[in-house]
file input-v9.pdb (PDB, N, CA and C atoms)
ATOM      1  N   MET X  22     122.226  97.380 143.015  1.00  0.00           N
ATOM      2  CA  MET X  22     121.069  97.868 143.737  1.00  0.00           C
ATOM      3  C   MET X  22     120.834  97.041 145.005  1.00  0.00           C
ATOM      4  N   ALA X  23     120.938  95.719 144.870  1.00  0.00           N
ATOM      5  CA  ALA X  23     120.745  94.841 146.026  1.00  0.00           C
ATOM      6  C   ALA X  23     121.834  95.080 147.069  1.00  0.00           C
ATOM      7  N   PHE X  24     123.054  95.364 146.619  1.00  0.00           N
ATOM      8  CA  PHE X  24     124.157  95.640 147.527  1.00  0.00           C
ATOM      9  C   PHE X  24     123.857  96.886 148.366  1.00  0.00           C
ATOM     10  N   CYS X  25     123.267  97.888 147.763  1.00  0.00           N
ATOM     11  CA  CYS X  25     122.921  99.131 148.450  1.00  0.00           C
ATOM     12  C   CYS X  25     121.863  98.871 149.530  1.00  0.00           C
ATOM     13  N   LYS X  26     120.860  98.037 149.206  1.00  0.00           N
ATOM     14  CA  LYS X  26     119.803  97.726 150.183  1.00  0.00           C
ATOM     15  C   LYS X  26     120.369  96.947 151.367  1.00  0.00           C
ATOM     16  N   VAL X  27     121.261  96.009 151.100  1.00  0.00           N
ATOM     17  CA  VAL X  27     121.882  95.226 152.167  1.00  0.00           C
ATOM     18  C   VAL X  27     122.728  96.133 153.049  1.00  0.00           C
ATOM     19  N   GLY X  28     123.436  97.045 152.448  1.00  0.00           N
ATOM     20  CA  GLY X  28     124.265  97.983 153.215  1.00  0.00           C
ATOM     21  C   GLY X  28     123.430  98.871 154.120  1.00  0.00           C
ATOM     22  N   ILE X  29     122.328  99.376 153.601  1.00  0.00           N
ATOM     23  CA  ILE X  29     121.451 100.250 154.394  1.00  0.00           C
ATOM     24  C   ILE X  29     120.821  99.464 155.537  1.00  0.00           C
ATOM     25  N   LEU X  30     120.348  98.255 155.260  1.00  0.00           N
ATOM     26  CA  LEU X  30     119.755  97.428 156.313  1.00  0.00           C
ATOM     27  C   LEU X  30     120.777  97.074 157.386  1.00  0.00           C
ATOM     28  N   SER X  31     121.989  96.780 156.967  1.00  0.00           N
ATOM     29  CA  SER X  31     123.045  96.466 157.937  1.00  0.00           C
ATOM     30  C   SER X  31     123.355  97.677 158.807  1.00  0.00           C
ATOM     31  N   LEU X  32     123.415  98.834 158.206  1.00  0.00           N
ATOM     32  CA  LEU X  32     123.672 100.065 158.950  1.00  0.00           C
ATOM     33  C   LEU X  32     122.562 100.334 159.956  1.00  0.00           C
ATOM     34  N   LEU X  33     121.318 100.155 159.570  1.00  0.00           N
ATOM     35  CA  LEU X  33     120.192 100.348 160.483  1.00  0.00           C
ATOM     36  C   LEU X  33     120.236  99.347 161.635  1.00  0.00           C
ATOM     37  N   LEU X  34     120.550  98.104 161.331  1.00  0.00           N
ATOM     38  CA  LEU X  34     120.639  97.076 162.360  1.00  0.00           C
ATOM     39  C   LEU X  34     121.732  97.399 163.366  1.00  0.00           C
ATOM     40  N   LEU X  35     122.899  97.777 162.881  1.00  0.00           N
ATOM     41  CA  LEU X  35     124.006  98.118 163.777  1.00  0.00           C
ATOM     42  C   LEU X  35     123.690  99.358 164.605  1.00  0.00           C
ATOM     43  N   SER X  36     123.025 100.334 164.009  1.00  0.00           N
ATOM     44  CA  SER X  36     122.641 101.533 164.740  1.00  0.00           C
ATOM     45  C   SER X  36     121.671 101.186 165.868  1.00  0.00           C
ATOM     46  N   GLY X  37     120.711 100.306 165.576  1.00  0.00           N
ATOM     47  CA  GLY X  37     119.754  99.883 166.596  1.00  0.00           C
ATOM     48  C   GLY X  37     120.420  99.160 167.744  1.00  0.00           C
ATOM     49  N   ILE X  38     121.350  98.272 167.425  1.00  0.00           N
ATOM     50  CA  ILE X  38     122.081  97.545 168.464  1.00  0.00           C
ATOM     51  C   ILE X  38     122.899  98.517 169.312  1.00  0.00           C
ATOM     52  N   PHE X  39     123.526  99.474 168.684  1.00  0.00           N
ATOM     53  CA  PHE X  39     124.321 100.471 169.404  1.00  0.00           C
ATOM     54  C   PHE X  39     123.440 101.275 170.354  1.00  0.00           C
ATOM     55  N   LEU X  40     122.295 101.738 169.872  1.00  0.00           N
ATOM     56  CA  LEU X  40     121.396 102.537 170.709  1.00  0.00           C
ATOM     57  C   LEU X  40     120.826 101.713 171.860  1.00  0.00           C
ATOM     58  N   LEU X  41     120.505 100.468 171.632  1.00  0.00           N
ATOM     59  CA  LEU X  41     120.020  99.614 172.715  1.00  0.00           C
ATOM     60  C   LEU X  41     121.107  99.394 173.756  1.00  0.00           C
ATOM     61  N   GLY X  42     122.319  99.261 173.318  1.00  0.00           N
ATOM     62  CA  GLY X  42     123.435  99.094 174.245  1.00  0.00           C
ATOM     63  C   GLY X  42     123.612 100.300 175.138  1.00  0.00           C
ATOM     64  N   ILE X  43     123.458 101.473 174.592  1.00  0.00           N
ATOM     65  CA  ILE X  43     123.573 102.702 175.378  1.00  0.00           C
ATOM     66  C   ILE X  43     122.440 102.775 176.388  1.00  0.00           C
ATOM     67  N   GLU X  44     121.231 102.434 175.974  1.00  0.00           N
ATOM     68  CA  GLU X  44     120.080 102.502 176.870  1.00  0.00           C
ATOM     69  C   GLU X  44     120.248 101.550 178.052  1.00  0.00           C
ATOM     70  N   VAL X  45     120.733 100.352 177.810  1.00  0.00           N
ATOM     71  CA  VAL X  45     120.946  99.389 178.876  1.00  0.00           C
ATOM     72  C   VAL X  45     122.004  99.897 179.836  1.00  0.00           C
ATOM     73  N   GLU X  46     123.062 100.479 179.309  1.00  0.00           N
ATOM     74  CA  GLU X  46     124.139 100.992 180.153  1.00  0.00           C
ATOM     75  C   GLU X  46     123.620 102.076 181.092  1.00  0.00           C
ATOM     76  N   TYR X  47     122.844 103.019 180.574  1.00  0.00           N
ATOM     77  CA  TYR X  47     122.320 104.089 181.404  1.00  0.00           C
ATOM     78  C   TYR X  47     121.174 103.610 182.283  1.00  0.00           C
ATOM     79  N   GLY X  48     120.471 102.570 181.879  1.00  0.00           N
ATOM     80  CA  GLY X  48     119.382 102.032 182.679  1.00  0.00           C
ATOM     81  C   GLY X  48     119.875 101.417 183.978  1.00  0.00           C
ATOM     82  N   ASN X  49     121.103 100.934 184.008  1.00  0.00           N
ATOM     83  CA  ASN X  49     121.655 100.322 185.210  1.00  0.00           C
ATOM     84  C   ASN X  49     122.347 101.334 186.114  1.00  0.00           C
ATOM     85  N   ALA X  50     122.453 102.567 185.676  1.00  0.00           N
ATOM     86  CA  ALA X  50     123.124 103.581 186.479  1.00  0.00           C
ATOM     87  C   ALA X  50     122.281 103.907 187.708  1.00  0.00           C
ATOM     88  N   GLN X  51     122.930 104.201 188.828  1.00  0.00           N
ATOM     89  CA  GLN X  51     122.203 104.554 190.034  1.00  0.00           C
ATOM     90  C   GLN X  51     121.682 105.976 189.923  1.00  0.00           C
ATOM     91  N   LYS X  52     120.584 106.232 190.645  1.00  0.00           N
ATOM     92  CA  LYS X  52     120.009 107.570 190.578  1.00  0.00           C
ATOM     93  C   LYS X  52     120.942 108.577 191.244  1.00  0.00           C
ATOM     94  N   MET X  53     120.908 109.788 190.753  1.00  0.00           N
ATOM     95  CA  MET X  53     121.721 110.837 191.328  1.00  0.00           C
ATOM     96  C   MET X  53     120.975 111.409 192.532  1.00  0.00           C
ATOM     97  N   CYS X  54     121.668 111.598 193.610  1.00  0.00           N
ATOM     98  CA  CYS X  54     121.057 112.074 194.845  1.00  0.00           C
ATOM     99  C   CYS X  54     121.760 113.366 195.262  1.00  0.00           C
ATOM    100  N   LEU X  55     121.052 114.483 195.151  1.00  0.00           N
ATOM    101  CA  LEU X  55     121.635 115.771 195.510  1.00  0.00           C
ATOM    102  C   LEU X  55     121.637 115.952 197.024  1.00  0.00           C
ATOM    103  N   GLN X  56     122.720 116.464 197.542  1.00  0.00           N
ATOM    104  CA  GLN X  56     122.870 116.680 198.978  1.00  0.00           C
ATOM    105  C   GLN X  56     122.420 118.090 199.336  1.00  0.00           C
ATOM    106  N   VAL X  57     121.120 118.342 199.227  1.00  0.00           N
ATOM    107  CA  VAL X  57     120.563 119.654 199.556  1.00  0.00           C
ATOM    108  C   VAL X  57     119.423 119.478 200.542  1.00  0.00           C
ATOM    109  N   CYS X  58     119.192 120.512 201.348  1.00  0.00           N
ATOM    110  CA  CYS X  58     118.091 120.497 202.305  1.00  0.00           C
ATOM    111  C   CYS X  58     116.792 120.828 201.584  1.00  0.00           C
ATOM    112  N   ASP X  59     115.738 120.102 201.923  1.00  0.00           N
ATOM    113  CA  ASP X  59     114.407 120.401 201.407  1.00  0.00           C
ATOM    114  C   ASP X  59     113.732 121.303 202.434  1.00  0.00           C
ATOM    115  N   ASN X  60     113.525 122.563 202.079  1.00  0.00           N
ATOM    116  CA  ASN X  60     112.957 123.534 203.014  1.00  0.00           C
ATOM    117  C   ASN X  60     111.511 123.222 203.379  1.00  0.00           C
ATOM    118  N   GLU X  61     110.881 122.341 202.625  1.00  0.00           N
ATOM    119  CA  GLU X  61     109.498 121.965 202.893  1.00  0.00           C
ATOM    120  C   GLU X  61     109.395 120.993 204.077  1.00  0.00           C
ATOM    121  N   VAL X  62     110.492 120.325 204.421  1.00  0.00           N
ATOM    122  CA  VAL X  62     110.492 119.349 205.514  1.00  0.00           C
ATOM    123  C   VAL X  62     110.519 120.082 206.847  1.00  0.00           C
ATOM    124  N   ALA X  63     109.458 119.876 207.648  1.00  0.00           N
ATOM    125  CA  ALA X  63     109.394 120.487 208.979  1.00  0.00           C
ATOM    126  C   ALA X  63     109.964 119.546 210.037  1.00  0.00           C
ATOM    127  N   TYR X  64     109.691 118.246 209.876  1.00  0.00           N
ATOM    128  CA  TYR X  64     110.208 117.250 210.816  1.00  0.00           C
ATOM    129  C   TYR X  64     110.179 115.879 210.156  1.00  0.00           C
ATOM    130  N   MET X  65     110.817 114.916 210.810  1.00  0.00           N
ATOM    131  CA  MET X  65     110.790 113.547 210.307  1.00  0.00           C
ATOM    132  C   MET X  65     110.712 112.585 211.474  1.00  0.00           C
ATOM    133  N   THR X  66     110.257 111.379 211.173  1.00  0.00           N
ATOM    134  CA  THR X  66     110.271 110.293 212.149  1.00  0.00           C
ATOM    135  C   THR X  66     111.005 109.126 211.507  1.00  0.00           C
ATOM    136  N   CYS X  67     111.713 108.362 212.333  1.00  0.00           N
ATOM    137  CA  CYS X  67     112.467 107.213 211.833  1.00  0.00           C
ATOM    138  C   CYS X  67     112.160 106.003 212.705  1.00  0.00           C
ATOM    139  N   PRO X  68     112.253 104.809 212.117  1.00  0.00           N
ATOM    140  CA  PRO X  68     112.016 103.597 212.911  1.00  0.00           C
ATOM    141  C   PRO X  68     112.925 103.526 214.142  1.00  0.00           C
ATOM    142  N   SER X  69     114.143 104.015 214.019  1.00  0.00           N
ATOM    143  CA  SER X  69     115.098 103.944 215.129  1.00  0.00           C
ATOM    144  C   SER X  69     114.726 104.864 216.286  1.00  0.00           C
ATOM    145  N   SER X  70     113.910 105.909 216.015  1.00  0.00           N
ATOM    146  CA  SER X  70     113.533 106.853 217.068  1.00  0.00           C
ATOM    147  C   SER X  70     112.069 106.693 217.485  1.00  0.00           C
ATOM    148  N   GLY X  71     111.410 105.666 216.980  1.00  0.00           N
ATOM    149  CA  GLY X  71     110.001 105.472 217.314  1.00  0.00           C
ATOM    150  C   GLY X  71     109.151 106.552 216.667  1.00  0.00           C
ATOM    151  N   ASP X  72     108.197 107.071 217.411  1.00  0.00           N
ATOM    152  CA  ASP X  72     107.314 108.121 216.883  1.00  0.00           C
ATOM    153  C   ASP X  72     107.818 109.520 217.227  1.00  0.00           C
ATOM    154  N   GLU X  73     109.020 109.625 217.757  1.00  0.00           N
ATOM    155  CA  GLU X  73     109.575 110.926 218.137  1.00  0.00           C
ATOM    156  C   GLU X  73     109.774 111.795 216.895  1.00  0.00           C
ATOM    157  N   LYS X  74     109.326 113.042 216.963  1.00  0.00           N
ATOM    158  CA  LYS X  74     109.510 113.983 215.858  1.00  0.00           C
ATOM    159  C   LYS X  74     110.915 114.563 215.930  1.00  0.00           C
ATOM    160  N   ILE X  75     111.651 114.396 214.860  1.00  0.00           N
ATOM    161  CA  ILE X  75     113.005 114.934 214.778  1.00  0.00           C
ATOM    162  C   ILE X  75     112.921 116.224 213.974  1.00  0.00           C
ATOM    163  N   THR X  76     113.221 117.352 214.623  1.00  0.00           N
ATOM    164  CA  THR X  76     113.123 118.656 213.963  1.00  0.00           C
ATOM    165  C   THR X  76     114.508 119.174 213.620  1.00  0.00           C
ATOM    166  N   GLU X  77     114.540 120.282 212.945  1.00  0.00           N
ATOM    167  CA  GLU X  77     115.792 120.905 212.509  1.00  0.00           C
ATOM    168  C   GLU X  77     116.654 119.902 211.748  1.00  0.00           C
ATOM    169  N   VAL X  78     116.052 119.330 210.720  1.00  0.00           N
ATOM    170  CA  VAL X  78     116.751 118.350 209.903  1.00  0.00           C
ATOM    171  C   VAL X  78     117.132 118.960 208.560  1.00  0.00           C
ATOM    172  N   CYS X  79     118.207 118.471 208.008  1.00  0.00           N
ATOM    173  CA  CYS X  79     118.643 118.893 206.675  1.00  0.00           C
ATOM    174  C   CYS X  79     118.679 117.645 205.801  1.00  0.00           C
ATOM    175  N   VAL X  80     117.509 117.254 205.289  1.00  0.00           N
ATOM    176  CA  VAL X  80     117.383 116.067 204.453  1.00  0.00           C
ATOM    177  C   VAL X  80     116.440 116.361 203.302  1.00  0.00           C
ATOM    178  N   ASN X  81     116.404 115.427 202.373  1.00  0.00           N
ATOM    179  CA  ASN X  81     115.391 115.441 201.313  1.00  0.00           C
ATOM    180  C   ASN X  81     114.965 113.993 201.107  1.00  0.00           C
ATOM    181  N   CYS X  82     114.052 113.752 200.204  1.00  0.00           N
ATOM    182  CA  CYS X  82     113.522 112.400 200.000  1.00  0.00           C
ATOM    183  C   CYS X  82     114.600 111.421 199.558  1.00  0.00           C
ATOM    184  N   CYS X  83     115.614 111.914 198.928  1.00  0.00           N
ATOM    185  CA  CYS X  83     116.676 111.053 198.417  1.00  0.00           C
ATOM    186  C   CYS X  83     117.699 110.709 199.507  1.00  0.00           C
ATOM    187  N   THR X  84     117.930 111.624 200.443  1.00  0.00           N
ATOM    188  CA  THR X  84     118.968 111.408 201.453  1.00  0.00           C
ATOM    189  C   THR X  84     118.433 110.836 202.760  1.00  0.00           C
ATOM    190  N   ALA X  85     117.124 110.765 202.916  1.00  0.00           N
ATOM    191  CA  ALA X  85     116.548 110.231 204.154  1.00  0.00           C
ATOM    192  C   ALA X  85     116.887 108.753 204.293  1.00  0.00           C
ATOM    193  N   ASP X  86     117.167 108.329 205.516  1.00  0.00           N
ATOM    194  CA  ASP X  86     117.468 106.917 205.772  1.00  0.00           C
ATOM    195  C   ASP X  86     116.250 106.053 205.475  1.00  0.00           C
ATOM    196  N   GLU X  87     116.500 104.780 205.242  1.00  0.00           N
ATOM    197  CA  GLU X  87     115.419 103.845 204.911  1.00  0.00           C
ATOM    198  C   GLU X  87     114.376 103.821 206.025  1.00  0.00           C
ATOM    199  N   GLY X  88     113.123 104.003 205.646  1.00  0.00           N
ATOM    200  CA  GLY X  88     112.011 103.955 206.601  1.00  0.00           C
ATOM    201  C   GLY X  88     111.699 105.273 207.273  1.00  0.00           C
ATOM    202  N   CYS X  89     112.575 106.266 207.159  1.00  0.00           N
ATOM    203  CA  CYS X  89     112.300 107.577 207.753  1.00  0.00           C
ATOM    204  C   CYS X  89     111.234 108.285 206.931  1.00  0.00           C
ATOM    205  N   LYS X  90     110.305 108.926 207.623  1.00  0.00           N
ATOM    206  CA  LYS X  90     109.217 109.635 206.950  1.00  0.00           C
ATOM    207  C   LYS X  90     109.396 111.129 207.139  1.00  0.00           C
ATOM    208  N   LEU X  91     109.306 111.864 206.033  1.00  0.00           N
ATOM    209  CA  LEU X  91     109.449 113.315 206.063  1.00  0.00           C
ATOM    210  C   LEU X  91     108.068 113.961 206.000  1.00  0.00           C
ATOM    211  N   TYR X  92     107.857 114.962 206.845  1.00  0.00           N
ATOM    212  CA  TYR X  92     106.549 115.614 206.950  1.00  0.00           C
ATOM    213  C   TYR X  92     106.652 117.124 206.755  1.00  0.00           C
ATOM    214  N   ARG X  93     105.559 117.700 206.256  1.00  0.00           N
ATOM    215  CA  ARG X  93     105.424 119.157 206.164  1.00  0.00           C
ATOM    216  C   ARG X  93     104.976 119.695 207.526  1.00  0.00           C
ATOM    217  N   ALA X  94     104.957 121.016 207.667  1.00  0.00           N
ATOM    218  CA  ALA X  94     104.543 121.653 208.919  1.00  0.00           C
ATOM    219  C   ALA X  94     103.090 121.323 209.270  1.00  0.00           C
ATOM    220  N   ASP X  95     102.250 121.101 208.254  1.00  0.00           N
ATOM    221  CA  ASP X  95     100.831 120.780 208.523  1.00  0.00           C
ATOM    222  C   ASP X  95     100.623 119.305 208.850  1.00  0.00           C
ATOM    223  N   GLY X  96     101.700 118.525 208.902  1.00  0.00           N
ATOM    224  CA  GLY X  96     101.617 117.111 209.263  1.00  0.00           C
ATOM    225  C   GLY X  96     101.426 116.171 208.093  1.00  0.00           C
ATOM    226  N   SER X  97     101.312 116.697 206.879  1.00  0.00           N
ATOM    227  CA  SER X  97     101.134 115.818 205.719  1.00  0.00           C
ATOM    228  C   SER X  97     102.473 115.186 205.328  1.00  0.00           C
ATOM    229  N   LEU X  98     102.393 113.927 204.923  1.00  0.00           N
ATOM    230  CA  LEU X  98     103.583 113.151 204.556  1.00  0.00           C
ATOM    231  C   LEU X  98     104.128 113.599 203.199  1.00  0.00           C
ATOM    232  N   ILE X  99     105.424 113.834 203.146  1.00  0.00           N
ATOM    233  CA  ILE X  99     106.082 114.180 201.878  1.00  0.00           C
ATOM    234  C   ILE X  99     106.559 112.893 201.189  1.00  0.00           C
ATOM    235  N   CYS X 100     107.313 112.074 201.936  1.00  0.00           N
ATOM    236  CA  CYS X 100     107.842 110.838 201.364  1.00  0.00           C
ATOM    237  C   CYS X 100     108.397 109.957 202.475  1.00  0.00           C
ATOM    238  N   THR X 101     108.767 108.741 202.086  1.00  0.00           N
ATOM    239  CA  THR X 101     109.412 107.789 202.987  1.00  0.00           C
ATOM    240  C   THR X 101     110.741 107.394 202.373  1.00  0.00           C
ATOM    241  N   GLY X 102     111.789 107.401 203.174  1.00  0.00           N
ATOM    242  CA  GLY X 102     113.113 107.019 202.686  1.00  0.00           C
ATOM    243  C   GLY X 102     113.132 105.567 202.231  1.00  0.00           C
ATOM    244  N   THR X 103     113.777 105.313 201.118  1.00  0.00           N
ATOM    245  CA  THR X 103     113.856 103.972 200.555  1.00  0.00           C
ATOM    246  C   THR X 103     115.302 103.542 200.458  1.00  0.00           C
ATOM    247  N   PRO X 104     115.572 102.232 200.418  1.00  0.00           N
ATOM    248  CA  PRO X 104     116.960 101.782 200.270  1.00  0.00           C
ATOM    249  C   PRO X 104     117.486 102.139 198.894  1.00  0.00           C
ATOM    250  N   GLU X 105     118.765 102.411 198.807  1.00  0.00           N
ATOM    251  CA  GLU X 105     119.356 102.809 197.528  1.00  0.00           C
ATOM    252  C   GLU X 105     119.709 101.639 196.690  1.00  0.00           C
TER
END
call {"tool": "encode", "arguments": {"input": "input-v9.pdb", "output": "structure tokens"}}
result
Amino acid sequence: MAFCKVGILSLLLLSGIFLLGIEVEYGNAQKMCLQVCDNEVAYMTCPSSGDEKITEVCVNCCTADEGCKLYRADGSLICTGTPE
């Protein structure tokens, strides 16, 4: 009976270690960035262009360069590009 309890506890412990290992592995993975245009973006501004509005852009929040800000047609901010 004691052998059975030790076996079950060992199995649970090993299963927990295995699952934690998988979580850590996927936790370090980089985010996936889809290369699609966000139709909601009307224009963007970037530090390199000053306050100039750059129109006719094909970007999304994931593909925008660091510091670039994406705006809707009404002027509201969608997001700011971050370093990967």
call {"tool": "resolve_selection", "arguments": {"input": "input-v9.pdb", "expression": "the PyMOL selection byres ((chain X and resi 91) around 7)", "output": "PyMOL selection string"}}
result
chain X and resi 62-66+89-90+92-93+97-102
call {"tool": "residues_around", "arguments": {"input": "input-v9.pdb", "residues": "Val57 (chain X)", "least_positions_apart": "5", "cutoff": "8 Å", "atoms": "all atoms listed in the file", "output": "JSON, numbers by chain"}}
result
{"X": [79, 80, 81, 82, 84]}
call {"tool": "atom_distance", "arguments": {"input": "input-v9.pdb", "atom1": "CA of Pro104 (chain X)", "atom2": "CA of Leu55 (chain X)"}}
result
15.5 Å
call {"tool": "axis_aligned_box", "arguments": {"input": "input-v9.pdb", "around": "region 94-104 of chain X", "padding_each_side": "8 Å", "output": "JSON"}}
result
{"center_x": 109.1, "center_y": 111.7, "center_z": 204.1, "size_x": 32.9, "size_y": 35.9, "size_z": 26.4}
call {"tool": "atom_distance", "arguments": {"input": "input-v9.pdb", "atom1": "CA of Gln56 (chain X)", "atom2": "CA of Gly88 (chain X)"}}
result
18.4 Å
call {"tool": "atom_distance", "arguments": {"input": "input-v9.pdb", "atom1": "CA of Cys58 (chain X)", "atom2": "CA of Glu77 (chain X)"}}
result
10.5 Å
call {"tool": "closest_residue", "arguments": {"input": "input-v9.pdb", "among": "X:Cys83, X:Ala94, X:Ile29, X:Val78", "to": "Cys54 (chain X)", "atoms": "all atoms listed in the file"}}
result
X:Cys83
